[in-house]
file entry.txt (compact mmCIF, C-alpha atoms)
# COMPACT_ATOMS: atom_id res chain seq x y z
CA ALA A 1 101.18 45.05 93.99
CA ASN A 2 100.48 45.87 97.62
CA MET A 3 104.06 47.02 98.08
CA LEU A 4 103.86 49.30 95.05
CA LEU A 5 100.57 50.71 96.31
CA SER A 6 102.13 51.39 99.73
CA LEU A 7 105.11 53.12 98.12
CA ALA A 8 102.81 55.26 96.00
CA ILE A 9 100.85 56.31 99.08
CA LEU A 10 104.04 57.13 100.98
CA ALA A 11 105.34 59.12 98.02
CA HIS A 12 102.28 61.38 98.20
CA ALA A 13 102.13 61.55 102.00
CA PRO A 14 103.18 64.85 103.59
CA PHE A 15 106.57 64.96 105.28
CA ILE A 16 105.17 66.26 108.60
CA THR A 17 102.03 64.67 110.02
CA ALA A 18 102.24 64.98 113.82
CA PRO A 19 100.18 67.82 115.37
CA VAL A 20 102.96 69.58 117.31
CA PRO A 21 105.49 69.65 114.39
CA ILE A 22 102.70 70.92 112.09
CA PHE A 23 101.91 73.81 114.41
CA LEU A 24 105.63 74.48 114.94
CA THR A 25 106.17 74.66 111.17
CA VAL A 26 103.28 77.08 110.71
CA MET A 27 104.51 79.33 113.54
CA ALA A 28 108.02 79.28 112.06
CA ILE A 29 106.62 80.32 108.68
CA ILE A 30 104.67 83.19 110.28
CA LEU A 31 107.81 84.29 112.14
CA LEU A 32 110.39 83.98 109.35
CA THR A 33 108.37 85.10 106.33
CA PRO A 34 108.40 88.86 107.10
CA ILE A 35 112.05 88.70 108.22
CA VAL A 36 113.20 87.10 104.97
CA LEU A 37 110.86 88.75 102.48
CA ASN A 38 111.14 92.31 103.83
CA ARG A 39 114.69 92.36 102.51
CA LEU A 40 113.34 91.38 99.09
CA ARG A 41 110.56 94.02 99.37
CA ILE A 42 107.88 91.35 98.96
CA PRO A 43 104.63 92.15 100.84
CA TYR A 44 103.95 90.11 103.96
CA VAL A 45 100.61 88.89 102.59
CA ILE A 46 101.97 87.50 99.35
CA GLY A 47 104.94 86.07 101.26
CA LEU A 48 102.63 83.91 103.38
CA ILE A 49 100.77 82.77 100.25
CA ILE A 50 104.08 81.84 98.58
CA ALA A 51 105.10 79.98 101.74
CA GLY A 52 101.81 78.08 101.59
CA VAL A 53 102.50 77.10 97.98
CA ALA A 54 106.00 75.93 98.91
CA VAL A 55 105.09 73.75 101.91
CA GLY A 56 101.71 72.59 100.61
CA PRO A 57 100.68 69.41 98.78
CA TYR A 58 101.42 70.98 95.36
CA GLY A 59 104.86 72.21 96.43
CA LEU A 60 107.39 70.38 98.59
CA ASN A 61 104.54 68.45 100.28
CA ILE A 62 105.86 69.20 103.75
CA LEU A 63 102.34 69.79 105.14
CA ALA A 64 98.94 68.49 104.13
CA ARG A 65 96.00 70.86 103.93
CA ASP A 66 94.28 68.97 106.74
CA MET A 67 91.32 69.86 108.95
CA SER A 68 93.40 72.35 110.94
CA PHE A 69 93.89 74.48 107.82
CA GLU A 70 90.23 74.08 106.91
CA ILE A 71 89.18 75.35 110.34
CA PHE A 72 91.80 78.05 110.84
CA GLY A 73 91.49 79.13 107.22
CA GLN A 74 87.74 79.66 107.53
CA VAL A 75 88.22 81.37 110.88
CA GLY A 76 90.92 83.56 109.30
CA ILE A 77 88.75 84.96 106.50
CA LEU A 78 85.92 85.61 108.95
CA TYR A 79 88.34 87.30 111.35
CA LEU A 80 89.73 89.39 108.50
CA MET A 81 86.26 90.71 107.67
CA PHE A 82 85.46 91.22 111.37
CA LEU A 83 88.58 93.36 111.86
CA ALA A 84 87.66 95.36 108.77
CA GLY A 85 84.32 96.15 110.40
CA ILE A 86 85.54 96.71 113.96
CA GLU A 87 88.42 99.03 112.93
CA ILE A 88 86.31 101.36 110.82
CA ASP A 89 86.04 104.86 112.18
CA MET A 90 82.26 105.27 112.28
CA TYR A 91 82.49 109.04 111.84
CA HIS A 92 84.46 108.62 108.63
CA LEU A 93 82.23 105.75 107.56
CA ARG A 94 79.10 107.91 107.84
CA LYS A 95 80.95 110.69 106.07
CA ASN A 96 81.97 108.39 103.19
CA MET A 97 78.98 106.03 103.22
CA ARG A 98 77.47 107.32 99.98
CA LYS A 99 80.82 107.02 98.21
CA GLY A 100 81.31 103.54 99.63
CA LEU A 101 77.90 102.35 98.46
CA THR A 102 78.52 103.89 95.05
CA PHE A 103 81.90 102.21 94.83
CA GLY A 104 80.24 98.96 95.87
CA LEU A 105 77.78 99.21 92.99
CA PHE A 106 80.43 99.98 90.38
CA PRO A 107 82.76 97.01 91.14
CA PHE A 108 79.70 94.78 91.31
CA ILE A 109 77.80 95.82 88.18
CA ILE A 110 80.79 96.45 85.88
CA PRO A 111 82.53 93.07 86.50
CA LEU A 112 79.14 91.33 86.34
CA ILE A 113 78.39 92.72 82.88
CA LEU A 114 81.92 92.50 81.47
CA GLY A 115 82.43 89.06 83.00
CA ALA A 116 79.24 87.67 81.49
CA VAL A 117 80.04 89.11 78.05
CA ALA A 118 83.63 87.84 78.15
CA ALA A 119 82.54 84.37 79.30
CA MET A 120 80.07 84.07 76.43
CA ALA A 121 82.38 85.60 73.80
CA ALA A 122 85.80 84.25 74.80
CA LEU A 123 84.98 81.07 76.75
CA ARG A 124 81.90 80.03 74.72
CA MET A 125 79.62 79.71 77.73
CA GLN A 126 75.85 79.86 77.77
CA MET A 127 74.05 82.71 79.54
CA LEU A 128 73.46 80.79 82.79
CA GLU A 129 77.07 79.62 83.18
CA ALA A 130 78.40 83.02 82.11
CA THR A 131 76.30 84.83 84.72
CA LEU A 132 77.46 82.45 87.45
CA LEU A 133 81.10 82.98 86.48
CA ALA A 134 80.56 86.74 86.34
CA SER A 135 79.24 86.73 89.92
CA MET A 136 82.67 85.45 90.91
CA PHE A 137 84.36 88.42 89.20
CA ALA A 138 82.02 90.84 90.99
CA ALA A 139 82.99 89.79 94.53
CA HIS A 140 86.40 90.28 96.07
CA THR A 141 88.29 89.63 99.31
CA LEU A 142 90.16 92.22 101.38
CA ILE A 143 93.23 90.04 101.41
CA ALA A 144 95.55 93.09 101.41
CA TYR A 145 93.85 94.66 104.43
CA PRO A 146 96.68 93.58 106.80
CA ILE A 147 99.02 95.73 104.68
CA VAL A 148 96.76 98.73 105.23
CA THR A 149 96.74 98.01 108.96
CA ARG A 150 100.53 97.81 109.10
CA PHE A 151 100.82 101.23 107.46
CA GLY A 152 98.26 102.68 109.88
CA VAL A 153 95.97 104.13 107.22
CA THR A 154 92.76 102.27 108.04
CA LYS A 155 90.95 105.60 108.54
CA ALA A 156 91.89 106.96 105.12
CA PRO A 157 88.75 107.78 103.07
CA ALA A 158 89.81 105.56 100.15
CA VAL A 159 90.26 102.57 102.50
CA ILE A 160 86.88 103.14 104.15
CA ILE A 161 85.21 103.48 100.74
CA ALA A 162 86.79 100.19 99.63
CA ILE A 163 85.70 98.39 102.80
CA ALA A 164 82.13 99.69 102.56
CA GLY A 165 82.03 98.69 98.91
CA THR A 166 83.28 95.18 99.67
CA ILE A 167 80.16 94.18 101.53
CA VAL A 168 77.98 95.41 98.63
CA THR A 169 79.88 93.27 96.14
CA VAL A 170 79.82 90.17 98.37
CA LEU A 171 76.09 90.50 99.01
CA GLY A 172 75.36 91.19 95.35
CA SER A 173 77.38 88.18 94.23
CA LEU A 174 75.59 85.90 96.66
CA ILE A 175 72.20 87.15 95.48
CA VAL A 176 73.19 86.50 91.84
CA LEU A 177 74.47 83.06 92.85
CA ALA A 178 71.15 82.25 94.52
CA GLY A 179 69.25 83.46 91.46
CA VAL A 180 71.34 81.38 89.05
CA LEU A 181 70.97 78.26 91.17
CA GLY A 182 67.22 78.87 91.39
CA VAL A 183 66.95 79.07 87.60
CA TYR A 184 69.13 75.96 87.22
CA ARG A 185 67.08 73.89 89.66
CA ASP A 186 63.49 74.93 89.03
CA GLY A 187 63.61 77.44 86.19
CA SER A 188 62.79 80.56 88.30
CA VAL A 189 64.41 83.14 90.54
CA SER A 190 61.74 82.78 93.22
CA SER A 191 64.40 81.44 95.61
CA LEU A 192 65.68 85.03 95.92
CA ILE A 193 62.58 86.18 97.80
CA PRO A 194 63.15 84.17 101.00
CA ILE A 195 66.87 85.02 100.99
CA LEU A 196 66.14 88.75 100.82
CA CYS A 197 63.54 88.43 103.60
CA TYR A 198 65.99 86.48 105.76
CA LEU A 199 68.67 89.11 105.09
CA ALA A 200 66.41 91.95 106.24
CA LEU A 201 65.37 90.08 109.39
CA TYR A 202 68.98 89.15 110.07
CA CYS A 203 70.22 92.76 109.90
CA VAL A 204 67.36 94.10 112.03
CA GLY A 205 67.85 91.33 114.59
CA LEU A 206 71.59 91.98 114.99
CA ILE A 207 71.13 95.75 115.18
CA TYR A 208 68.48 95.33 117.89
CA LEU A 209 69.93 92.47 119.97
CA TYR A 210 73.71 92.79 119.79
CA PRO A 211 74.03 96.29 121.36
CA ARG A 212 71.72 95.39 124.25
CA ILE A 213 73.42 92.08 125.02
CA THR A 214 76.89 93.63 124.68
CA ARG A 215 76.07 96.56 126.93
CA TYR A 216 74.75 94.22 129.63
CA PHE A 217 77.73 91.86 129.39
CA PHE A 218 80.38 94.60 129.50
CA GLN A 219 78.69 96.24 132.50
CA HIS A 220 78.58 93.02 134.53
CA TYR A 221 81.80 91.30 133.37
CA SER A 222 84.94 93.42 133.26
CA ASP A 223 87.44 90.56 133.00
CA GLY A 224 89.49 90.98 129.84
CA ILE A 225 89.52 87.31 128.89
CA SER A 226 85.75 86.98 129.33
CA GLN A 227 85.17 90.03 127.16
CA PHE A 228 87.47 88.67 124.45
CA ILE A 229 85.71 85.29 124.42
CA TYR A 230 82.35 87.07 124.38
CA VAL A 231 83.31 89.01 121.26
CA MET A 232 84.47 85.81 119.58
CA VAL A 233 81.15 84.11 120.38
CA MET A 234 79.17 87.03 118.97
CA VAL A 235 81.24 87.27 115.78
CA PHE A 236 81.25 83.59 114.91
CA GLY A 237 77.64 83.28 116.05
CA ALA A 238 76.71 85.99 113.54
CA ALA A 239 78.75 84.23 110.83
CA ALA A 240 77.17 80.85 111.59
CA LEU A 241 73.66 82.30 111.55
CA ALA A 242 74.37 84.04 108.24
CA SER A 243 75.52 80.75 106.70
CA PHE A 244 72.47 78.97 108.10
CA ILE A 245 70.04 81.32 106.33
CA GLY A 246 71.93 81.11 103.03
CA ILE A 247 74.15 84.19 103.28
CA GLU A 248 77.93 83.95 103.18
CA GLY A 249 79.52 83.94 106.65
CA VAL A 250 81.89 86.78 105.73
CA PHE A 251 78.91 89.14 105.67
CA GLY A 252 77.90 88.07 109.17
CA ALA A 253 81.40 88.61 110.54
CA PHE A 254 81.71 92.02 108.90
CA PHE A 255 78.25 93.12 110.04
CA ALA A 256 78.98 91.96 113.60
CA GLY A 257 82.13 94.08 113.52
CA LEU A 258 80.12 97.14 112.49
CA VAL A 259 77.50 96.58 115.21
CA LEU A 260 80.12 95.99 117.94
CA ASN A 261 82.32 98.83 116.72
CA ARG A 262 81.18 101.49 119.20
CA PHE A 263 81.61 99.17 122.20
CA ILE A 264 85.32 98.52 121.53
CA PRO A 265 87.43 101.72 121.49
CA ALA A 266 90.29 101.81 119.01
CA ARG A 267 93.00 102.16 121.70
CA SER A 268 91.46 99.83 124.28
CA THR A 269 93.11 96.70 125.69
CA LEU A 270 90.35 94.57 124.19
CA MET A 271 91.00 95.97 120.71
CA GLY A 272 94.69 95.24 121.14
CA ARG A 273 93.92 91.62 122.02
CA LEU A 274 91.54 91.22 119.08
CA GLU A 275 94.08 92.60 116.60
CA PHE A 276 96.94 90.60 118.11
CA VAL A 277 95.21 87.22 117.89
CA GLY A 278 93.96 87.89 114.36
CA ASN A 279 97.22 89.19 112.93
CA ALA A 280 99.40 86.66 114.76
CA ILE A 281 97.49 83.43 114.12
CA PHE A 282 94.13 83.39 112.35
CA ILE A 283 94.81 85.62 109.33
CA PRO A 284 98.31 84.17 108.61
CA TYR A 285 96.81 80.67 108.84
CA PHE A 286 94.21 81.70 106.26
CA LEU A 287 96.82 83.14 103.90
CA ILE A 288 99.04 80.04 104.15
CA GLY A 289 95.96 77.90 103.50
CA VAL A 290 95.18 79.92 100.36
CA GLY A 291 98.71 79.21 99.11
CA MET A 292 98.29 75.50 99.76
CA LEU A 293 95.30 75.47 97.39
CA ILE A 294 97.36 76.76 94.49
CA ASP A 295 98.73 74.13 92.12
CA LEU A 296 101.19 75.79 89.76
CA ARG A 297 101.26 72.62 87.63
CA VAL A 298 97.81 73.42 86.27
CA VAL A 299 99.54 76.00 84.08
CA LEU A 300 101.19 73.10 82.27
CA ASP A 301 97.91 71.29 81.62
CA GLY A 302 97.68 72.76 78.15
CA TRP A 303 96.85 75.91 76.23
CA SER A 304 93.18 75.70 77.22
CA THR A 305 94.03 76.23 80.90
CA LEU A 306 96.44 79.06 80.09
CA TYR A 307 93.89 80.71 77.81
CA THR A 308 91.05 80.40 80.34
CA ALA A 309 93.24 81.68 83.17
CA ALA A 310 94.43 84.63 81.07
CA VAL A 311 90.86 85.62 80.14
CA MET A 312 89.62 85.29 83.73
CA SER A 313 92.56 87.22 85.21
CA ALA A 314 92.29 90.00 82.62
CA VAL A 315 88.54 90.41 83.11
CA ALA A 316 88.81 90.30 86.92
CA MET A 317 91.52 92.96 87.12
CA ALA A 318 90.35 95.20 84.27
CA SER A 319 86.75 95.39 85.50
CA LYS A 320 87.84 96.32 89.04
CA TRP A 321 90.16 99.01 87.68
CA ILE A 322 87.35 100.49 85.57
CA ALA A 323 85.10 100.54 88.65
CA ALA A 324 87.75 102.36 90.70
CA PHE A 325 88.39 104.79 87.83
CA VAL A 326 84.68 105.61 87.47
CA THR A 327 84.38 106.16 91.23
CA GLN A 328 87.42 108.44 91.17
CA LYS A 329 85.96 110.59 88.39
CA VAL A 330 82.46 110.74 89.91
CA TYR A 331 83.73 111.97 93.29
CA ARG A 332 86.86 113.77 92.03
CA LEU A 333 89.29 111.70 94.06
CA THR A 334 93.05 111.52 93.54
CA SER A 335 94.90 108.90 91.54
CA ILE A 336 96.30 107.51 94.81
CA ASP A 337 92.75 107.05 96.12
CA ARG A 338 91.90 105.19 92.93
CA SER A 339 94.92 102.93 93.34
CA VAL A 340 94.03 102.12 96.95
CA MET A 341 90.40 101.33 96.06
CA TYR A 342 91.42 99.27 93.05
CA GLN A 343 94.12 97.22 94.73
CA LEU A 344 92.04 96.48 97.85
CA SER A 345 89.19 95.26 95.64
CA ASN A 346 91.39 93.36 93.20
CA ALA A 347 92.00 90.08 95.08
CA HIS A 348 89.66 87.11 94.62
CA THR A 349 89.73 84.15 97.01
CA ALA A 350 86.88 83.02 99.26
CA VAL A 351 83.80 83.87 97.20
CA ALA A 352 85.55 82.94 93.96
CA LEU A 353 86.38 79.48 95.27
CA ALA A 354 82.86 79.02 96.62
CA VAL A 355 81.19 80.03 93.35
CA VAL A 356 83.44 77.93 91.13
CA MET A 357 83.23 74.86 93.35
CA ILE A 358 79.41 75.09 93.35
CA GLY A 359 79.40 75.42 89.57
CA TYR A 360 81.88 72.56 89.18
CA GLU A 361 79.91 70.22 91.42
CA MET A 362 76.70 71.03 89.49
CA HIS A 363 78.53 70.38 86.17
CA LEU A 364 78.09 73.98 85.01
CA PHE A 365 81.89 74.44 84.88
CA ASP A 366 84.55 72.01 83.68
CA VAL A 367 87.97 71.36 85.15
CA THR A 368 89.53 74.00 82.89
CA VAL A 369 87.52 76.75 84.58
CA LEU A 370 88.43 75.31 87.97
CA ASN A 371 92.14 75.38 87.14
CA GLY A 372 91.80 78.82 85.58
CA THR A 373 90.28 80.08 88.82
CA VAL A 374 93.26 78.81 90.80
CA VAL A 375 95.65 80.71 88.53
CA MET A 376 93.43 83.82 88.69
CA ILE A 377 93.51 83.72 92.50
CA LEU A 378 97.31 83.60 92.47
CA VAL A 379 97.57 86.46 89.96
CA THR A 380 95.03 88.77 91.60
CA CYS A 381 96.35 88.17 95.12
CA THR A 382 99.89 88.93 93.96
CA VAL A 383 98.90 92.10 92.10
CA SER A 384 96.67 93.25 94.97
CA SER A 385 99.37 92.78 97.59
CA PHE A 386 102.16 94.53 95.68
CA GLY A 387 99.80 97.24 94.46
CA THR A 388 98.33 97.98 97.89
CA GLU A 389 101.76 98.32 99.48
CA ARG A 390 102.92 100.63 96.70
CA ALA A 391 99.77 102.76 96.89
call {"tool": "encode", "arguments": {"input": "entry.txt", "output": "structure tokens"}}
result
Amino acid sequence: ANMLLSLAILAHAPFITAPVPIFLTVMAIILLTPIVLNRLRIPYVIGLIIAGVAVGPYGLNILARDMSFEIFGQVGILYLMFLAGIEIDMYHLRKNMRKGLTFGLFPFIIPLILGAVAAMAALRMQMLEATLLASMFAAHTLIAYPIVTRFGVTKAPAVIIAIAGTIVTVLGSLIVLAGVLGVYRDGSVSSLIPILCYLALYCVGLIYLYPRITRYFFQHYSDGISQFIYVMVMVFGAAALASFIGIEGVFGAFFAGLVLNRFIPARSTLMGRLEFVGNAIFIPYFLIGVGMLIDLRVVLDGWSTLYTAAVMSAVAMASKWIAAFVTQKVYRLTSIDRSVMYQLSNAHTAVALAVVMIGYEMHLFDVTVLNGTVVMILVTCTVSSFGTERA
């Protein structure tokens, strides 16, 4: 019996377990993926996710999703949001702020309403569970942003509108999540009041303190390495503080990027270092980690999983397209602008996983919804990556 148990454990153990070979494998994936997949015209982002599926525990089981992927994956999504904030042209942001806020409201409200209705009608959920699931549809992740960076169109109005709208959807989803959990725990939404107060104090505090501290540090310390480490401390400090007060860390990283934006010129050496480290290590690590979460075998679990995944994927993508279409018509944008806004806002990863895991642990969702979310993440990330590159 002990021998059989040992064989079973070995059968499920990853092929590579030593630290140096693990890091070597990841670096090789980051190096070879664009070389191989560019010939097949597969976007770099989706290539890294596919590589994560292949080498992960649900693929060939070459690598385990160990603590290194947990850490670098979390750092990667925060770094992705930070770069989105730091690379925004503030002139164009102010010029397109109203459009961005409007676009943020549309892809938040429309998926929230459609998602709740679809969950109650198609998935037979009660109002509370349906609202929680709908908050997942409302938020999205800028997983295709590296594609925009590679094409050099980060200053395009449609891209800036999509980025500005992202933070609205993430914040809105987190507020809905807090409200649902408050109703579930004590029957009221009173838990929203302290969160909103903390959010206001948080924003005011960063806007007041960060510029003053940064100005002093950059005036007294001109060493490039020190400045890089300083920026890292400020970004992850903002993310950690946001998580501490009950706000998702991605908001803190993005907001820190906006506040630090004017201190880091677009063509400076410091900006080059920040982009290099993020695009070379942190963000690819995050994308590979996302792939390692995806278990394609859940599709074979039965028709209930397929049905749930199909409903969730259809609602997630259709509601975001409607939001982009409405924004296009309101502001008389082009069809290309609509495609860029839609595809950038189409991917669901970080917030979706957080919401579903919270609901699953509180027994609001069953394993079918959890598996359906995994499939939805794969579908939306794939569509978003191909669509963004095409647009």
call {"tool": "atom_distance", "arguments": {"input": "entry.txt", "atom1": "atom CA of Arg150 of chain A", "atom2": "atom CA of Val290 of chain A"}}
result
20.6 Å
call {"tool": "residues_around", "arguments": {"input": "entry.txt", "residues": "segment 379-390 of chain A", "least_positions_apart": "5", "cutoff": "6 Å", "atoms": "only C-alpha atoms", "output": "list in words"}}
result
Ile46, Ala144, Gln343, Asn346 and Ala347 of chain A
call {"tool": "atom_distance", "arguments": {"input": "entry.txt", "atom1": "atom CA of Gly56 of chain A", "atom2": "atom CA of Phe251 of chain A"}}
result
28.6 Å
call {"tool": "residues_around", "arguments": {"input": "entry.txt", "residues": "segment 21-24 of chain A", "least_positions_apart": "6", "cutoff": "10 Å", "atoms": "all atoms listed in the file", "output": "list in words"}}
result
Phe15, Ile30, Ile62, Leu63, Ala64 and Ser68 of chain A
call {"tool": "residues_around", "arguments": {"input": "entry.txt", "residues": "segment 366-372 of chain A", "least_positions_apart": "5", "cutoff": "6 Å", "atoms": "all atoms listed in the file", "output": "number ranges by chain"}}
result
A: 305, 308-309
call {"tool": "residues_near_point", "arguments": {"input": "entry.txt", "point": "(83.2, 98.6, 84.6)", "cutoff": "12 Å", "atoms": "only C-alpha atoms", "output": "PyMOL selection string"}}
result
chain A and resi 103-115+117+137-138+315-327+342
call {"tool": "write_last_selection", "arguments": {"input": "entry.txt", "atoms": "C-alpha atoms", "output": "tab-separated table (two decimals), in the frame of the given file"}}
result
chain	number	residue	atom	x	y	z
A	103	PHE	CA	81.90	102.21	94.83
A	104	GLY	CA	80.24	98.96	95.87
A	105	LEU	CA	77.78	99.21	92.99
A	106	PHE	CA	80.43	99.98	90.38
A	107	PRO	CA	82.76	97.01	91.14
A	108	PHE	CA	79.70	94.78	91.31
A	109	ILE	CA	77.80	95.82	88.18
A	110	ILE	CA	80.79	96.45	85.88
A	111	PRO	CA	82.53	93.07	86.50
A	112	LEU	CA	79.14	91.33	86.34
A	113	ILE	CA	78.39	92.72	82.88
A	114	LEU	CA	81.92	92.50	81.47
A	115	GLY	CA	82.43	89.06	83.00
A	117	VAL	CA	80.04	89.11	78.05
A	137	PHE	CA	84.36	88.42	89.20
A	138	ALA	CA	82.02	90.84	90.99
A	315	VAL	CA	88.54	90.41	83.11
A	316	ALA	CA	88.81	90.30	86.92
A	317	MET	CA	91.52	92.96	87.12
A	318	ALA	CA	90.35	95.20	84.27
A	319	SER	CA	86.75	95.39	85.50
A	320	LYS	CA	87.84	96.32	89.04
A	321	TRP	CA	90.16	99.01	87.68
A	322	ILE	CA	87.35	100.49	85.57
A	323	ALA	CA	85.10	100.54	88.65
A	324	ALA	CA	87.75	102.36	90.70
A	325	PHE	CA	88.39	104.79	87.83
A	326	VAL	CA	84.68	105.61	87.47
A	327	THR	CA	84.38	106.16	91.23
A	342	TYR	CA	91.42	99.27	93.05
call {"tool": "residues_near_point", "arguments": {"input": "entry.txt", "point": "(64.1, 86.1, 98.4)", "cutoff": "12 Å", "atoms": "only C-alpha atoms", "output": "VMD selection string"}}
result
chain A and resid 174 to 176 178 to 179 182 188 to 201 245 to 247
call {"tool": "closest_residue", "arguments": {"input": "entry.txt", "among": "A:Val20, A:Leu83, A:Val26, A:Val233", "to": "Met271 of chain A", "atoms": "all atoms listed in the file"}}
result
A:Leu83
call {"tool": "closest_residue", "arguments": {"input": "entry.txt", "among": "A:Val170, A:Leu274, A:Val183, A:Leu344", "to": "Gly224 of chain A", "atoms": "all atoms listed in the file"}}
result
A:Leu274
call {"tool": "atom_distance", "arguments": {"input": "entry.txt", "atom1": "atom CA of Leu287 of chain A", "atom2": "atom CA of Trp303 of chain A"}}
result
28.6 Å
call {"tool": "residues_around", "arguments": {"input": "entry.txt", "residues": "Glu70 of chain A", "least_positions_apart": "3", "cutoff": "12 Å", "atoms": "only C-alpha atoms", "output": "ChimeraX atom specification"}}
result
/A:64-67,73-77,282,285-290,292-293
call {"tool": "residues_around", "arguments": {"input": "entry.txt", "residues": "segment 227-229 of chain A", "least_positions_apart": "5", "cutoff": "8 Å", "atoms": "only C-alpha atoms", "output": "PyMOL selection string"}}
result
chain A and resi 217-218+221-222+270+273-274
call {"tool": "closest_residue", "arguments": {"input": "entry.txt", "among": "A:Met127, A:Val277, A:Val180, A:Ile35", "to": "Leu48 of chain A", "atoms": "all atoms listed in the file"}}
result
A:Ile35
call {"tool": "closest_residue", "arguments": {"input": "entry.txt", "among": "A:Gly100, A:Pro284, A:Pro265, A:Phe69", "to": "Pro34 of chain A", "atoms": "only C-alpha atoms"}}
result
A:Pro284
call {"tool": "build_atoms", "arguments": {"input": "entry.txt", "residues": "segment 67-72 of chain A", "atoms": "all heavy atoms", "output": "mmCIF file, keeping the file's coordinate frame"}}
result
data_model
loop_
_atom_site.group_PDB
_atom_site.id
_atom_site.type_symbol
_atom_site.label_atom_id
_atom_site.label_comp_id
_atom_site.auth_asym_id
_atom_site.auth_seq_id
_atom_site.Cartn_x
_atom_site.Cartn_y
_atom_site.Cartn_z
ATOM 1 N N MET A 67 92.453 69.198 108.326
ATOM 2 C CA MET A 67 91.320 69.860 108.950
ATOM 3 C C MET A 67 91.731 71.115 109.704
ATOM 4 O O MET A 67 90.953 72.067 109.810
ATOM 5 C CB MET A 67 90.610 68.885 109.897
ATOM 6 C CG MET A 67 89.296 69.409 110.462
ATOM 7 S SD MET A 67 88.115 69.925 109.176
ATOM 8 C CE MET A 67 87.748 68.332 108.435
ATOM 9 N N SER A 68 92.963 71.146 110.223
ATOM 10 C CA SER A 68 93.400 72.350 110.940
ATOM 11 C C SER A 68 93.431 73.559 110.019
ATOM 12 O O SER A 68 93.045 74.671 110.406
ATOM 13 C CB SER A 68 94.782 72.125 111.562
ATOM 14 O OG SER A 68 95.775 71.986 110.560
ATOM 15 N N PHE A 69 93.877 73.365 108.768
ATOM 16 C CA PHE A 69 93.890 74.480 107.820
ATOM 17 C C PHE A 69 92.487 74.818 107.345
ATOM 18 O O PHE A 69 92.192 75.969 107.047
ATOM 19 C CB PHE A 69 94.797 74.140 106.629
ATOM 20 C CG PHE A 69 96.254 74.239 106.941
ATOM 21 C CD1 PHE A 69 96.985 73.116 107.273
ATOM 22 C CD2 PHE A 69 96.903 75.459 106.922
ATOM 23 C CE1 PHE A 69 98.338 73.194 107.578
ATOM 24 C CE2 PHE A 69 98.253 75.554 107.222
ATOM 25 C CZ PHE A 69 98.965 74.421 107.552
ATOM 26 N N GLU A 70 91.622 73.813 107.264
ATOM 27 C CA GLU A 70 90.230 74.080 106.910
ATOM 28 C C GLU A 70 89.590 74.972 107.979
ATOM 29 O O GLU A 70 88.926 75.965 107.674
ATOM 30 C CB GLU A 70 89.461 72.769 106.787
ATOM 31 C CG GLU A 70 89.874 71.887 105.627
ATOM 32 C CD GLU A 70 89.388 72.415 104.286
ATOM 33 O OE1 GLU A 70 88.471 73.250 104.286
ATOM 34 O OE2 GLU A 70 89.929 71.988 103.262
ATOM 35 N N ILE A 71 89.804 74.600 109.240
ATOM 36 C CA ILE A 71 89.180 75.350 110.340
ATOM 37 C C ILE A 71 89.804 76.729 110.488
ATOM 38 O O ILE A 71 89.105 77.755 110.466
ATOM 39 C CB ILE A 71 89.306 74.553 111.663
ATOM 40 C CG1 ILE A 71 88.495 73.251 111.579
ATOM 41 C CG2 ILE A 71 88.839 75.395 112.843
ATOM 42 C CD1 ILE A 71 88.684 72.335 112.762
ATOM 43 N N PHE A 72 91.143 76.772 110.639
ATOM 44 C CA PHE A 72 91.800 78.050 110.840
ATOM 45 C C PHE A 72 91.691 78.948 109.609
ATOM 46 O O PHE A 72 91.640 80.172 109.728
ATOM 47 C CB PHE A 72 93.280 77.836 111.194
ATOM 48 C CG PHE A 72 93.523 77.533 112.641
ATOM 49 C CD1 PHE A 72 93.654 76.227 113.080
ATOM 50 C CD2 PHE A 72 93.621 78.551 113.573
ATOM 51 C CE1 PHE A 72 93.876 75.936 114.409
ATOM 52 C CE2 PHE A 72 93.839 78.271 114.908
ATOM 53 C CZ PHE A 72 93.972 76.961 115.339
#
